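Visitor: Have a look at this one.
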2 protein chains.
Amino acid sequence: MASIKDVAKLAGVSVATVSRVLNNKGYVGVDTREKVENAIQTLNYKPNEVARSLFKKQSKTIGLLLPSIMNPFFPELSRAVEDVAADLGYNVILCNTDGNKEKEQRYLDMLLQKYVDGIIFTTTSLDPDMLQQLQIPIVCMDRKVSTNITTVVVNNKKGAQLATQFLLDKGCKRVAHIRGPENVYTAKERLEGYLDIVKNKEWFKESYIVNGQYGMEKAIEATLELLQTNPEIDGIFAANDTTAIGAMKAAHQIGLRIPEDISIIGFDGIALSKSTIPELTTVAQPIYEIGKKAASLLVQLIDGNSIQQNLFTLDVKLIERHST
Amino acid sequence: MASIKDVAKLAGVSVATVSRVLNNKGYVGVDTREKVENAIQTLNYKPNEVARSLFKKQSKTIGLLLPSIMNPFFPELSRAVEDVAADLGYNVILCNTDGNKEKEQRYLDMLLQKYVDGIIFTTTSLDPDMLQQLQIPIVCMDRKVSTNITTVVVNNKKGAQLATQFLLDKGCKRVAHIRGPENVYTAKERLEGYLDIVKNKEWFKESYIVNGQYGMEKAIEATLELLQTNPEIDGIFAANDTTAIGAMKAAHQIGLRIPEDISIIGFDGIALSKSTIPELTTVAQPIYEIGKKAASLLVQLIDGNSIQQNLFTLDVKLIERHST
DNA sequence: TTGAAAGCGGTACCAC
DNA sequence: GTGGTACCGCTTTCAA
């Protein structure tokens with residue numbers, strides 16, 4: 001690969017001059033500029049980004065840490081981040097952490113050593129204080145980590161209220177909730193939203209809440225148990241779409257028709273929710289928008305712009321389909 | 001961030017010595033080594049990968065080019081690649097090309113400028129000759145691009161035969177095929193496999209083949225048309241799982257029961273295929289294995305090991321579930 | 001308007 | 001065993 005020296009030699013100028021035309025910075029005579037540009041053309045010269053990074057201490061690269069790209073929530077999010085990044089000339093390094101603290105730390109170290117310009121975290125288990133101390137822009141998504149870190153989330157509680165109320169409005173008499181993992185922020189918020197609506201109903205019982213762990217298999221088990229204990233249930237608010245699909249499978253297994261015998265609503269609005277029969281009614285997050293917003297904010301931070309606001313809460317939207 | 005000079009100063013040695021202990025290369029006295037290691041500890045020094053890259057002309061980073069991470073086939077593939085890469089100390093840069101030649105070229109240039117050590121392509125539309133000329137290890141997945149490029153694929157034709165024959169064995173009398181896009185390698189191969197089985201059957205008609213373009217919406221349309229024209233059809237081999245789900249939806253729409261009235265089999269074995277009701281019978285590709293193999297091969301190439309064989313064809317496996 | 005040269009943070013060759 | 005130093009490719013003062 002041709003280097004800046006080759007270009008300089010061919011054009012009969014110094015590397016400094018070449019650098020100037022490359023970066024459109026400083027004075028360059030018109031004819032000199034042309035000579036240099038010709039040389040660049042004929043050599044098909046592309047500046048070496050590594051050398052640039054070394055000098056500038058920035059790499060036009062950002063890191064994206066997420067639990068796993070196989071979790072159906074993250075492909076769209078990643079795509080949004082990558083789209084924005086690519087548009088602005090950044091590359092993104094993908095890191096699957098499995099929510100594992102050691103892996104997060106390891107990736108973080110690697111990224112720092114590579115001088116990435118910024119990092120987007122989803123649901124980190126790393127110490128927020130440590131994160132802030134890092135001399136590098138950081139944006140979090142999906143979960144509030146610290147009020148001092150720029151964060152993009154959705155209104156989970158409101159979404160949960162929406163979902164629960166919707167079921168009631170649709171005529172459901174007994175609405176249950178399949179919650180997500182105990183230690184997960186979004187799961188807690190959604191549970192709260194559900195409780196806001198039902199806790200004062202005379203029919204409400206603690207056993208209307210079971211734990212599906214955000215997973216399909218677990219959700220099937222949980223739903224089976226739920227419906228066995230409480231056969232009167234005619235509506236289920238599942239904490240995410242995967243859980244909802246598990247619930248649908250369980251209902252189907254015991255001969256319940258959806259939505260005739262039981263209504264099911266999910267949360268997230270992942271692509272999967274349009275693939276089921278019947279299609280799943282769900283509280284959709286603006287997934288792409290979240291990723292886009294996070295990436296835009298990160299680049300702003302990288303560019304040295306300060307951001308007035310630290311928390312961005314996007315709105316969810318109930319999409320009615322055929323499972324309710 | 002501390003640099004090698006800081007370490008050298010603190011340890012009272014030269015940078016050369018520090019470099020030696022860092023890389024475990026060359027002679028270093030035991031006590032000197034200890035002094036250096038202490039200095040590294042106290043400064044929490046981590047070598048700057050950018051500087052290393054500049055000198056070594058390699059970056060411990062690989063590029064992964066795929067159509068879109070939102071296509072449900074790719075998250076698992078990416079995960080496999082990233083797992084192997086991380087294990088071996090590499091980071092992976094994710095690039096969504098949309099199968100667009102210009103984007104592929106643009107990403108390729110960026111990656112080259114960043115001195116990535118190797119690139120994994122899926123289904124590139126770039127010129128194979130150009131690709132080989134690149135002085136960088138390359139591995140292709142999913143589609144054969146050139147016999148001179150290391151490639152990992154599955155036996156699509158055999159899988160298609162398997163699927164078609166399976167439907168026949170299950171008692172289907174008229175088996176149709178919803179093919180993928182005209183210009184896609186895997187779609188062509190799967191169509192061929194289907195034809196191998198049915199072309200000599202007396203009942204076979206050209207109109208038993210419709211195009212679903214590998215997408216759900218298109219597949220619904222195509223299936224509707226197919227079943228309208230040929231109501232006698234009692235088995236469908238869909239070119240991929242997404243198509244199969246579209247077919248299921250279409251069948252459901254016109255009141256056909258699956259599998260009682262019509263059997264449907266897919267191809268790929270993506271996670272989605274386990275989420276439907278009924279669960280989809282499919283010819284599963286060893287998706288994770290493909291990614292793993294490709295990444296391992298790439299690293300071998302990067303390490304300068306030559307690979308005897310250029311084409312690796314992995315086996316598919318029919319997974320019987322409840323749609324047949 | 002242009003060029004020489006110092007550095008960015010490492011590695012590796014060559015002396016001692 | 002250890003240190004001095006040229007060099008990787010580029011940017012940016014500082015002089016001319």
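Chain lettering (A, B, ...) mirrors the order of the structure tokens, residue numbering begins at 1 for each chain separately, and ligand numbering begins at 1 in order of display.
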Please return as an NGL selection string: the residues of stretch 109-258 of chain B that backbone DSSP assigns to strand (DSSP E).

Guide: :B and (118-122 or 138-141 or 150-154 or 175-179 or 209-211 or 235-238)

Visitor: Would you mind listing what lies within 9 Å of D:DC10 as a PyMOL selection string, with only C-alpha atoms (C1' of nucleotides) counted and same-chain residues fewer than 5 positions away left out?

Guide: chain A and resi 4+15+19+47-55

Visitor: Take the residues that were just selected and, keeping N, CA and C atoms, output them as a PDB file, in the first residue's frame.

Guide:
ATOM      1  N   ILE A   4       2.185   8.027   2.449  1.00  0.00           N
ATOM      2  CA  ILE A   4       2.204   9.453   2.163  1.00  0.00           C
ATOM      3  C   ILE A   4       3.525   9.881   1.522  1.00  0.00           C
ATOM      4  N   VAL A  15       5.962  15.658   2.498  1.00  0.00           N
ATOM      5  CA  VAL A  15       4.813  14.971   3.096  1.00  0.00           C
ATOM      6  C   VAL A  15       3.899  15.966   3.798  1.00  0.00           C
ATOM      7  N   SER A  19      -0.068  16.101   3.416  1.00  0.00           N
ATOM      8  CA  SER A  19      -0.951  16.063   4.578  1.00  0.00           C
ATOM      9  C   SER A  19      -1.932  17.229   4.529  1.00  0.00           C
ATOM     10  N   PRO A  47      -5.074   7.202   3.097  1.00  0.00           N
ATOM     11  CA  PRO A  47      -4.280   7.403   4.314  1.00  0.00           C
ATOM     12  C   PRO A  47      -4.446   6.258   5.306  1.00  0.00           C
ATOM     13  N   ASN A  48      -3.389   5.954   5.973  1.00  0.00           N
ATOM     14  CA  ASN A  48      -3.372   4.877   6.957  1.00  0.00           C
ATOM     15  C   ASN A  48      -4.023   5.362   8.255  1.00  0.00           C
ATOM     16  N   GLU A  49      -5.150   4.776   8.555  1.00  0.00           N
ATOM     17  CA  GLU A  49      -5.915   5.210   9.725  1.00  0.00           C
ATOM     18  C   GLU A  49      -5.217   4.909  11.036  1.00  0.00           C
ATOM     19  N   VAL A  50      -4.404   3.878  11.030  1.00  0.00           N
ATOM     20  CA  VAL A  50      -3.719   3.521  12.273  1.00  0.00           C
ATOM     21  C   VAL A  50      -2.733   4.606  12.668  1.00  0.00           C
ATOM     22  N   ALA A  51      -1.976   5.056  11.681  1.00  0.00           N
ATOM     23  CA  ALA A  51      -1.005   6.115  11.956  1.00  0.00           C
ATOM     24  C   ALA A  51      -1.720   7.377  12.418  1.00  0.00           C
ATOM     25  N   ARG A  52      -2.817   7.658  11.750  1.00  0.00           N
ATOM     26  CA  ARG A  52      -3.611   8.814  12.160  1.00  0.00           C
ATOM     27  C   ARG A  52      -4.092   8.667  13.592  1.00  0.00           C
ATOM     28  N   SER A  53      -4.590   7.488  13.895  1.00  0.00           N
ATOM     29  CA  SER A  53      -5.107   7.247  15.237  1.00  0.00           C
ATOM     30  C   SER A  53      -4.027   7.474  16.274  1.00  0.00           C
ATOM     31  N   LEU A  54      -2.846   6.991  15.962  1.00  0.00           N
ATOM     32  CA  LEU A  54      -1.761   7.088  16.925  1.00  0.00           C
ATOM     33  C   LEU A  54      -1.495   8.551  17.259  1.00  0.00           C
ATOM     34  N   PHE A  55      -1.470   9.341  16.234  1.00  0.00           N
ATOM     35  CA  PHE A  55      -1.200  10.751  16.476  1.00  0.00           C
ATOM     36  C   PHE A  55      -2.375  11.466  17.139  1.00  0.00           C
TER      37      PHE A  55
END

Visitor: So which residues touch D:DT5 within 12 Å, counting only C-alpha atoms (C1' of nucleotides), skipping near sequence neighbours fewer than 4 positions away, as an mmCIF file with all heavy atoms, in the first residue's frame?

Guide:
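What landed in out_30.cif:
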data_model
loop_
_atom_site.group_PDB
_atom_site.id
_atom_site.type_symbol
_atom_site.label_atom_id
_atom_site.label_comp_id
_atom_site.auth_asym_id
_atom_site.auth_seq_id
_atom_site.Cartn_x
_atom_site.Cartn_y
_atom_site.Cartn_z
ATOM 1 N N SER B 14 15.415 0.791 30.270
ATOM 2 C CA SER B 14 15.079 1.394 28.977
ATOM 3 C C SER B 14 13.762 0.837 28.443
ATOM 4 O O SER B 14 13.297 -0.208 28.886
ATOM 5 C CB SER B 14 16.172 1.110 27.960
ATOM 6 O OG SER B 14 16.080 -0.230 27.546
ATOM 7 N N VAL B 15 13.204 1.544 27.493
ATOM 8 C CA VAL B 15 11.951 1.072 26.912
ATOM 9 C C VAL B 15 12.129 -0.281 26.228
ATOM 10 O O VAL B 15 11.210 -1.096 26.192
ATOM 11 C CB VAL B 15 11.374 2.072 25.886
ATOM 12 C CG1 VAL B 15 10.948 3.361 26.557
ATOM 13 C CG2 VAL B 15 12.359 2.330 24.763
ATOM 14 N N ALA B 16 13.315 -0.488 25.718
ATOM 15 C CA ALA B 16 13.590 -1.762 25.049
ATOM 16 C C ALA B 16 13.366 -2.916 26.017
ATOM 17 O O ALA B 16 12.748 -3.934 25.680
ATOM 18 C CB ALA B 16 15.010 -1.772 24.515
ATOM 19 P P DT C 11 5.602 -3.591 21.800
ATOM 20 O OP1 DT C 11 4.686 -4.727 21.688
ATOM 21 O OP2 DT C 11 6.439 -3.406 22.983
ATOM 22 O "O5'" DT C 11 6.537 -3.550 20.516
ATOM 23 C "C5'" DT C 11 5.971 -3.745 19.240
ATOM 24 C "C4'" DT C 11 7.083 -3.913 18.228
ATOM 25 O "O4'" DT C 11 7.854 -2.693 18.153
ATOM 26 C "C3'" DT C 11 8.080 -5.028 18.568
ATOM 27 O "O3'" DT C 11 8.318 -5.719 17.359
ATOM 28 C "C2'" DT C 11 9.313 -4.294 19.053
ATOM 29 C "C1'" DT C 11 9.226 -2.976 18.291
ATOM 30 N N1 DT C 11 9.800 -1.755 18.931
ATOM 31 C C2 DT C 11 10.626 -0.950 18.186
ATOM 32 O O2 DT C 11 10.943 -1.195 17.039
ATOM 33 N N3 DT C 11 11.072 0.178 18.837
ATOM 34 C C4 DT C 11 10.775 0.562 20.127
ATOM 35 O O4 DT C 11 11.226 1.601 20.585
ATOM 36 C C5 DT C 11 9.906 -0.335 20.854
ATOM 37 C C7 DT C 11 9.516 0.002 22.264
ATOM 38 C C6 DT C 11 9.466 -1.439 20.233
ATOM 39 P P DA C 12 9.039 -7.143 17.358
ATOM 40 O OP1 DA C 12 8.402 -7.978 16.316
ATOM 41 O OP2 DA C 12 9.182 -7.622 18.748
ATOM 42 O "O5'" DA C 12 10.485 -6.738 16.824
ATOM 43 C "C5'" DA C 12 10.577 -6.052 15.584
ATOM 44 C "C4'" DA C 12 12.018 -5.658 15.351
ATOM 45 O "O4'" DA C 12 12.344 -4.519 16.189
ATOM 46 C "C3'" DA C 12 13.008 -6.754 15.750
ATOM 47 O "O3'" DA C 12 14.094 -6.689 14.842
ATOM 48 C "C2'" DA C 12 13.464 -6.349 17.141
ATOM 49 C "C1'" DA C 12 13.473 -4.833 16.987
ATOM 50 N N9 DA C 12 13.325 -4.117 18.248
ATOM 51 C C8 DA C 12 12.730 -4.547 19.400
ATOM 52 N N7 DA C 12 12.759 -3.671 20.385
ATOM 53 C C5 DA C 12 13.432 -2.588 19.836
ATOM 54 C C6 DA C 12 13.798 -1.345 20.348
ATOM 55 N N6 DA C 12 13.504 -0.957 21.594
ATOM 56 N N1 DA C 12 14.466 -0.490 19.523
ATOM 57 C C2 DA C 12 14.746 -0.884 18.276
ATOM 58 N N3 DA C 12 14.443 -2.038 17.677
ATOM 59 C C4 DA C 12 13.784 -2.849 18.517
ATOM 60 P P DC C 13 14.883 -7.996 14.471
ATOM 61 O OP1 DC C 13 14.085 -8.640 13.413
ATOM 62 O OP2 DC C 13 15.248 -8.737 15.709
ATOM 63 O "O5'" DC C 13 16.191 -7.375 13.845
ATOM 64 C "C5'" DC C 13 16.081 -6.216 13.026
ATOM 65 C "C4'" DC C 13 17.196 -5.244 13.347
ATOM 66 O "O4'" DC C 13 16.903 -4.547 14.585
ATOM 67 C "C3'" DC C 13 18.553 -5.930 13.536
ATOM 68 O "O3'" DC C 13 19.504 -5.278 12.710
ATOM 69 C "C2'" DC C 13 18.869 -5.752 15.024
ATOM 70 C "C1'" DC C 13 18.088 -4.480 15.358
ATOM 71 N N1 DC C 13 17.654 -4.401 16.789
ATOM 72 C C2 DC C 13 17.933 -3.235 17.526
ATOM 73 O O2 DC C 13 18.535 -2.308 16.973
ATOM 74 N N3 DC C 13 17.531 -3.177 18.829
ATOM 75 C C4 DC C 13 16.882 -4.201 19.378
ATOM 76 N N4 DC C 13 16.500 -4.071 20.652
ATOM 77 C C5 DC C 13 16.596 -5.389 18.660
ATOM 78 C C6 DC C 13 17.000 -5.461 17.372
ATOM 79 P P DC C 14 20.943 -5.982 12.458
ATOM 80 O OP1 DC C 14 21.283 -5.742 11.041
ATOM 81 O OP2 DC C 14 20.931 -7.351 13.022
ATOM 82 O "O5'" DC C 14 21.892 -5.072 13.364
ATOM 83 C "C5'" DC C 14 21.693 -3.662 13.372
ATOM 84 C "C4'" DC C 14 22.541 -3.063 14.472
ATOM 85 O "O4'" DC C 14 21.815 -3.110 15.720
ATOM 86 C "C3'" DC C 14 23.867 -3.808 14.701
ATOM 87 O "O3'" DC C 14 24.892 -2.849 14.840
ATOM 88 C "C2'" DC C 14 23.613 -4.596 15.983
ATOM 89 C "C1'" DC C 14 22.662 -3.653 16.722
ATOM 90 N N1 DC C 14 21.796 -4.296 17.725
ATOM 91 C C2 DC C 14 21.490 -3.611 18.912
ATOM 92 O O2 DC C 14 21.961 -2.481 19.092
ATOM 93 N N3 DC C 14 20.687 -4.211 19.831
ATOM 94 C C4 DC C 14 20.207 -5.436 19.594
ATOM 95 N N4 DC C 14 19.417 -5.986 20.530
ATOM 96 C C5 DC C 14 20.495 -6.145 18.405
ATOM 97 C C6 DC C 14 21.280 -5.555 17.501
ATOM 98 P P DA C 15 26.400 -3.246 14.498
ATOM 99 O OP1 DA C 15 26.808 -2.565 13.274
ATOM 100 O OP2 DA C 15 26.546 -4.723 14.623
ATOM 101 O "O5'" DA C 15 27.155 -2.589 15.725
ATOM 102 C "C5'" DA C 15 26.638 -2.882 16.987
ATOM 103 C "C4'" DA C 15 26.819 -1.698 17.913
ATOM 104 O "O4'" DA C 15 25.728 -1.752 18.847
ATOM 105 C "C3'" DA C 15 28.089 -1.853 18.727
ATOM 106 O "O3'" DA C 15 28.536 -0.584 19.167
ATOM 107 C "C2'" DA C 15 27.656 -2.735 19.872
ATOM 108 C "C1'" DA C 15 26.158 -2.399 20.032
ATOM 109 N N9 DA C 15 25.328 -3.613 20.191
ATOM 110 C C8 DA C 15 25.221 -4.676 19.329
ATOM 111 N N7 DA C 15 24.412 -5.619 19.763
ATOM 112 C C5 DA C 15 23.963 -5.130 20.976
ATOM 113 C C6 DA C 15 23.084 -5.656 21.935
ATOM 114 N N6 DA C 15 22.480 -6.829 21.797
ATOM 115 N N1 DA C 15 22.857 -4.921 23.049
ATOM 116 C C2 DA C 15 23.463 -3.747 23.182
ATOM 117 N N3 DA C 15 24.298 -3.135 22.357
ATOM 118 C C4 DA C 15 24.516 -3.899 21.263
#

Visitor: Find, counting only C-alpha atoms (C1' of nucleotides), the residue in B:Ala247, B:Asn200, B:Ser3, B:Lys292 that gets nearest to C:DC8.

Guide: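 Closest to C:DC8, using only C-alpha atoms (C1' of nucleotides): B:Ser3.
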
Visitor: Expressed in Å to a single decimal, how great is the separation between atom CA of B:Leu226 and atom CA of B:Arg321?

Guide: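 If I compute the distance from atom CA of B:Leu226 to atom CA of B:Arg321, I get 23.8 Å.
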
Visitor: Identify every residue of chain D that has at least one atom within 12 Å of any atom of chain A, counting only C-alpha atoms (C1' of nucleotides), and report the result as number ranges by chain.

Guide: D: 8-13

Visitor: Atom CA of A:Pro128 and atom CA of A:Cys140 are how many Å apart?

Guide: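 Distance reported for this atom pair: 10.5 Å.
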
Visitor: Residues of chain B were defined as contacting chain A if any atom lay at most 9 Å from it, counting only C-alpha atoms; please report them as a VMD selection string.

Guide: chain B and resid 46 to 51 53 to 54 57 59 61 68 to 72 74 to 76 78 to 79 82 to 83 86 89 91 to 96 107 109 to 115 216 242 245 to 246 248 to 249 252 271 to 272 275 to 278

Visitor: Any chance you could tabulate, as a tab-separated table, the residues of chain C at most 10 Å from chain A with each one's nearest atom pair and distance in Å to one decimal, using only C-alpha atoms (C1' of nucleotides), in chain and rising number order?

Guide:
residue	atom	partner	partner_atom	distance
C:DT1	C1'	A:Tyr27	CA	6.1
C:DT2	C1'	A:Thr17	CA	7.1
C:DG3	C1'	A:Ser14	CA	6.1
C:DA4	C1'	A:Ser14	CA	9.1
C:DG7	C1'	A:Phe55	CA	8.4
C:DC8	C1'	A:Phe55	CA	4.4
C:DG9	C1'	A:Leu54	CA	7.6

Visitor: With only C-alpha atoms (C1' of nucleotides) as the counted atoms, please give the residues lying no more than 12 Å from C:DC16, apart from itself and same-chain residues fewer than 5 positions off, as a list in words.

Guide: DG1, DT2, DG3 and DG4 of chain D

Visitor: Grab the atom CA of B:Asp315 to atom CA of B:Ala187 distance for me, in Å with one decimal place.

Guide: 16.9 Å

Visitor: Give me every alpha helix (DSSP H) residue in stretch 85-133 of chain B, going by DSSP on the backbone, as an mmCIF file with N, CA and C atoms, in the first residue's frame.

Guide:
data_model
loop_
_atom_site.group_PDB
_atom_site.id
_atom_site.type_symbol
_atom_site.label_atom_id
_atom_site.label_comp_id
_atom_site.auth_asym_id
_atom_site.auth_seq_id
_atom_site.Cartn_x
_atom_site.Cartn_y
_atom_site.Cartn_z
ATOM 1 N N ALA B 85 -13.293 -15.186 17.738
ATOM 2 C CA ALA B 85 -12.382 -14.047 17.650
ATOM 3 C C ALA B 85 -11.944 -13.599 19.045
ATOM 4 N N ALA B 86 -12.918 -13.404 19.918
ATOM 5 C CA ALA B 86 -12.616 -12.930 21.264
ATOM 6 C C ALA B 86 -11.679 -13.906 21.971
ATOM 7 N N ASP B 87 -11.963 -15.156 21.769
ATOM 8 C CA ASP B 87 -11.143 -16.204 22.364
ATOM 9 C C ASP B 87 -9.686 -16.087 21.955
ATOM 10 N N LYS B 101 -23.250 -3.383 -3.449
ATOM 11 C CA LYS B 101 -21.863 -3.392 -3.903
ATOM 12 C C LYS B 101 -21.078 -2.166 -3.434
ATOM 13 N N GLU B 102 -21.709 -1.001 -3.521
ATOM 14 C CA GLU B 102 -21.018 0.225 -3.124
ATOM 15 C C GLU B 102 -20.686 0.192 -1.631
ATOM 16 N N LYS B 103 -21.666 -0.217 -0.849
ATOM 17 C CA LYS B 103 -21.395 -0.296 0.586
ATOM 18 C C LYS B 103 -20.294 -1.299 0.880
ATOM 19 N N GLU B 104 -20.319 -2.416 0.202
ATOM 20 C CA GLU B 104 -19.271 -3.416 0.427
ATOM 21 C C GLU B 104 -17.906 -2.816 0.142
ATOM 22 N N GLN B 105 -17.824 -2.116 -0.957
ATOM 23 C CA GLN B 105 -16.559 -1.524 -1.341
ATOM 24 C C GLN B 105 -16.105 -0.481 -0.319
ATOM 25 N N ARG B 106 -17.054 0.306 0.121
ATOM 26 C CA ARG B 106 -16.738 1.358 1.086
ATOM 27 C C ARG B 106 -16.219 0.752 2.401
ATOM 28 N N TYR B 107 -16.935 -0.252 2.888
ATOM 29 C CA TYR B 107 -16.497 -0.902 4.114
ATOM 30 C C TYR B 107 -15.125 -1.537 3.921
ATOM 31 N N LEU B 108 -14.964 -2.175 2.787
ATOM 32 C CA LEU B 108 -13.694 -2.827 2.502
ATOM 33 C C LEU B 108 -12.551 -1.821 2.600
ATOM 34 N N ASP B 109 -12.738 -0.667 2.005
ATOM 35 C CA ASP B 109 -11.711 0.366 2.056
ATOM 36 C C ASP B 109 -11.422 0.797 3.489
ATOM 37 N N MET B 110 -12.485 1.031 4.237
ATOM 38 C CA MET B 110 -12.297 1.449 5.627
ATOM 39 C C MET B 110 -11.515 0.391 6.407
ATOM 40 N N LEU B 111 -11.892 -0.845 6.204
ATOM 41 C CA LEU B 111 -11.246 -1.926 6.953
ATOM 42 C C LEU B 111 -9.778 -2.039 6.583
ATOM 43 N N LEU B 112 -9.518 -1.911 5.312
ATOM 44 C CA LEU B 112 -8.138 -1.986 4.848
ATOM 45 C C LEU B 112 -7.320 -0.853 5.467
ATOM 46 N N GLN B 113 -7.881 0.324 5.478
ATOM 47 C CA GLN B 113 -7.176 1.476 6.050
ATOM 48 C C GLN B 113 -6.901 1.296 7.530
ATOM 49 N N PRO B 128 -14.619 -11.281 -7.394
ATOM 50 C CA PRO B 128 -13.754 -12.271 -6.736
ATOM 51 C C PRO B 128 -12.273 -12.057 -7.041
ATOM 52 N N ASP B 129 -11.979 -11.686 -8.274
ATOM 53 C CA ASP B 129 -10.578 -11.487 -8.632
ATOM 54 C C ASP B 129 -9.967 -10.350 -7.833
ATOM 55 N N MET B 130 -10.731 -9.285 -7.728
ATOM 56 C CA MET B 130 -10.278 -8.145 -6.941
ATOM 57 C C MET B 130 -10.026 -8.568 -5.497
ATOM 58 N N LEU B 131 -10.948 -9.354 -4.974
ATOM 59 C CA LEU B 131 -10.850 -9.817 -3.589
ATOM 60 C C LEU B 131 -9.543 -10.576 -3.351
ATOM 61 N N GLN B 132 -9.195 -11.432 -4.290
ATOM 62 C CA GLN B 132 -7.979 -12.208 -4.112
ATOM 63 C C GLN B 132 -6.734 -11.346 -4.174
ATOM 64 N N GLN B 133 -6.821 -10.323 -5.006
ATOM 65 C CA GLN B 133 -5.661 -9.451 -5.146
ATOM 66 C C GLN B 133 -5.337 -8.722 -3.843
#
